[in-house]
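See below for the structure under consideration.
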Amino acid sequence: MTDKTALTPSTHTTPPAKFSHGVKKGNILQVAGQVGFLPVEDGKPPTPAGPTLREQTLQTLANVKAILEEGGSGWDDAMMIRVYLTDVDHFAEMNQIYNQYFEEQGLTAPPAARTTVYVGLPAGLLIEIDVLAVLG
């Protein structure tokens, strides 16, 4: 049986409840829902990257990538990406940001993905993303 390893990059805050930012077991890595908080600074509360969807989406993707890398993975190992938006009117803009980001990352085989509207994020947050990756 393979041990389960919790993943928390140094850029991330300690989760506010009993969960991990990511968990790796064997060759499976699950990234928990990430939002667009800037890297952690001692003594400061989590701070969104900015008020716009673009700023928050790019920071959210950077936060997901940091967890993938902490687990020895990367975007090429991503099998499923789930995106949660707080506003249905953000779909087109998010898709444009998403497509440009992954083109810049050189992703050759895009993962499966789904996007849904979810209104339960803390005030001011516009997007959340989680990822399932299978390594090697």
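Letters for chains follow the order of the structure tokens (A, B, ...), residue numbers begin at 1 for each chain, and ligand numbers begin at 1 in the order shown.
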### Task
Within segment 6-136 of chain A, find each residue whose DSSP state, derived from the backbone, is alpha helix (DSSP H), and express the selection as a PyMOL selection string.
chain A and resi 53-70+91-104
Please provide as a tab-separated table (two decimals) with N, CA, C and O atoms, in the first residue's frame all residues within 8 Å of Lys65 of chain A, with the sequence filter that same-chain residues fewer than 3 positions apart are discarded (counting only C-alpha atoms).
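out01.tsv was written with the following content:
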```
chain	number	residue	atom	x	y	z
A	61	LEU	N	-4.24	29.62	-11.35
A	61	LEU	CA	-3.47	28.64	-12.13
A	61	LEU	C	-2.05	28.51	-11.60
A	61	LEU	O	-1.51	27.40	-11.53
A	62	ALA	N	-1.43	29.61	-11.19
A	62	ALA	CA	-0.09	29.55	-10.59
A	62	ALA	C	-0.12	28.77	-9.29
A	62	ALA	O	0.80	28.00	-8.99
A	68	LEU	N	1.04	21.06	-8.04
A	68	LEU	CA	1.46	19.99	-8.95
A	68	LEU	C	2.97	19.78	-8.86
A	68	LEU	O	3.43	18.64	-8.74
A	69	GLU	N	3.72	20.87	-8.89
A	69	GLU	CA	5.18	20.76	-8.83
A	69	GLU	C	5.65	20.23	-7.48
A	69	GLU	O	6.61	19.47	-7.41
A	74	GLY	N	3.20	18.12	-13.15
A	74	GLY	CA	3.07	19.33	-13.94
A	74	GLY	C	1.79	19.27	-14.75
A	74	GLY	O	1.03	18.30	-14.66
A	75	TRP	N	1.57	20.28	-15.56
A	75	TRP	CA	0.33	20.35	-16.34
A	75	TRP	C	0.17	19.17	-17.29
A	75	TRP	O	-0.95	18.75	-17.58
```
Please report, as a Markdown table, each residue of segment 74-109 of chain A lying at most 6 Å from segment 113-116 of chain A, together with the nearest pair of atoms and the separation in Å rounded to one decimal; use only C-alpha atoms, and order rows by chain and ascending residue number.
```
| residue | atom | partner | partner_atom | distance |
| --- | --- | --- | --- | --- |
| A:Met80 | CA | A:Ala113 | CA | 5.4 |
| A:Ile81 | CA | A:Ala113 | CA | 4.6 |
| A:Arg82 | CA | A:Arg114 | CA | 5.0 |
| A:Val83 | CA | A:Thr115 | CA | 4.6 |
| A:Tyr84 | CA | A:Thr116 | CA | 5.1 |
```
### Task
To one decimal in Å, tell me the separation between atom CA of Gly72 of chain A and atom CA of Pro48 of chain A.
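Separation between atom CA of Gly72 of chain A and atom CA of Pro48 of chain A: 26.2 Å.
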### Message
Using only C-alpha atoms for the distances, tell me which of A:Val131, A:Ala17, A:Leu29, A:Met94 is nearest to Leu58 of chain A.
### Response
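Looking at the shortest contact to Leu58 of chain A, the residue is A:Met94.
The residues of segment 64-109 of chain A that DSSP assigns to strand (DSSP E or B) on this backbone come out as Ala78, Met79, Met80, Ile81, Arg82, Val83, Tyr84 and Leu85 of chain A.
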Writer output for current selection, N, CA, C and O atoms, as a PDB file, in the first residue's frame:
```
ATOM      1  N   ALA A  78      -1.925  16.491 -15.862  1.00  0.00           N
ATOM      2  CA  ALA A  78      -3.312  16.804 -15.498  1.00  0.00           C
ATOM      3  C   ALA A  78      -4.280  16.034 -16.389  1.00  0.00           C
ATOM      4  O   ALA A  78      -4.185  16.074 -17.617  1.00  0.00           O
ATOM      5  N   MET A  79      -5.190  15.321 -15.758  1.00  0.00           N
ATOM      6  CA  MET A  79      -6.202  14.549 -16.477  1.00  0.00           C
ATOM      7  C   MET A  79      -7.544  15.267 -16.508  1.00  0.00           C
ATOM      8  O   MET A  79      -8.296  15.142 -17.458  1.00  0.00           O
ATOM      9  N   MET A  80      -7.849  15.994 -15.423  1.00  0.00           N
ATOM     10  CA  MET A  80      -9.143  16.666 -15.304  1.00  0.00           C
ATOM     11  C   MET A  80      -8.959  17.986 -14.579  1.00  0.00           C
ATOM     12  O   MET A  80      -8.312  18.040 -13.528  1.00  0.00           O
ATOM     13  N   ILE A  81      -9.493  19.037 -15.154  1.00  0.00           N
ATOM     14  CA  ILE A  81      -9.490  20.362 -14.534  1.00  0.00           C
ATOM     15  C   ILE A  81     -10.944  20.773 -14.349  1.00  0.00           C
ATOM     16  O   ILE A  81     -11.742  20.711 -15.300  1.00  0.00           O
ATOM     17  N   ARG A  82     -11.278  21.169 -13.135  1.00  0.00           N
ATOM     18  CA  ARG A  82     -12.628  21.655 -12.856  1.00  0.00           C
ATOM     19  C   ARG A  82     -12.531  23.127 -12.467  1.00  0.00           C
ATOM     20  O   ARG A  82     -11.766  23.481 -11.569  1.00  0.00           O
ATOM     21  N   VAL A  83     -13.286  23.949 -13.154  1.00  0.00           N
ATOM     22  CA  VAL A  83     -13.288  25.389 -12.920  1.00  0.00           C
ATOM     23  C   VAL A  83     -14.655  25.785 -12.384  1.00  0.00           C
ATOM     24  O   VAL A  83     -15.686  25.386 -12.927  1.00  0.00           O
ATOM     25  N   TYR A  84     -14.638  26.567 -11.320  1.00  0.00           N
ATOM     26  CA  TYR A  84     -15.870  27.063 -10.709  1.00  0.00           C
ATOM     27  C   TYR A  84     -15.848  28.586 -10.778  1.00  0.00           C
ATOM     28  O   TYR A  84     -14.926  29.223 -10.260  1.00  0.00           O
ATOM     29  N   LEU A  85     -16.818  29.151 -11.454  1.00  0.00           N
ATOM     30  CA  LEU A  85     -16.944  30.598 -11.576  1.00  0.00           C
ATOM     31  C   LEU A  85     -18.114  31.088 -10.730  1.00  0.00           C
ATOM     32  O   LEU A  85     -19.088  30.351 -10.537  1.00  0.00           O
TER      33      LEU A  85
END
```
### Task
Rounded to one decimal place, report the atom CA of Val35 of chain A-atom CA of Tyr101 of chain A distance in Å.
16.1 Å
### Query
Counting only C-alpha atoms, which of A:Gln96, A:Gln30, A:Thr47, A:Thr14 gets nearest to Pro122 of chain A?
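Result for the nearest residue to Pro122 of chain A: A:Thr47.
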### Message
Report, in Å to a single decimal, how far apart atom CA of Ala133 of chain A and atom CA of Ser10 of chain A are.
### Response
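Interatomic distance, atom CA of Ser10 of chain A to atom CA of Ala133 of chain A: 20.4 Å.
Distances here use only C-alpha atoms; by that measure, the residue among A:Leu121, A:Val23, A:Val88, A:Ala109 closest to Ile67 of chain A is A:Val23.
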### Query
So which one's closest to Leu38 of chain A, A:Ser73, A:Ser20, A:Gln100, A:Thr60? Using only C-alpha atoms, please.
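So, comparing all the options, the nearest one is A:Thr60.
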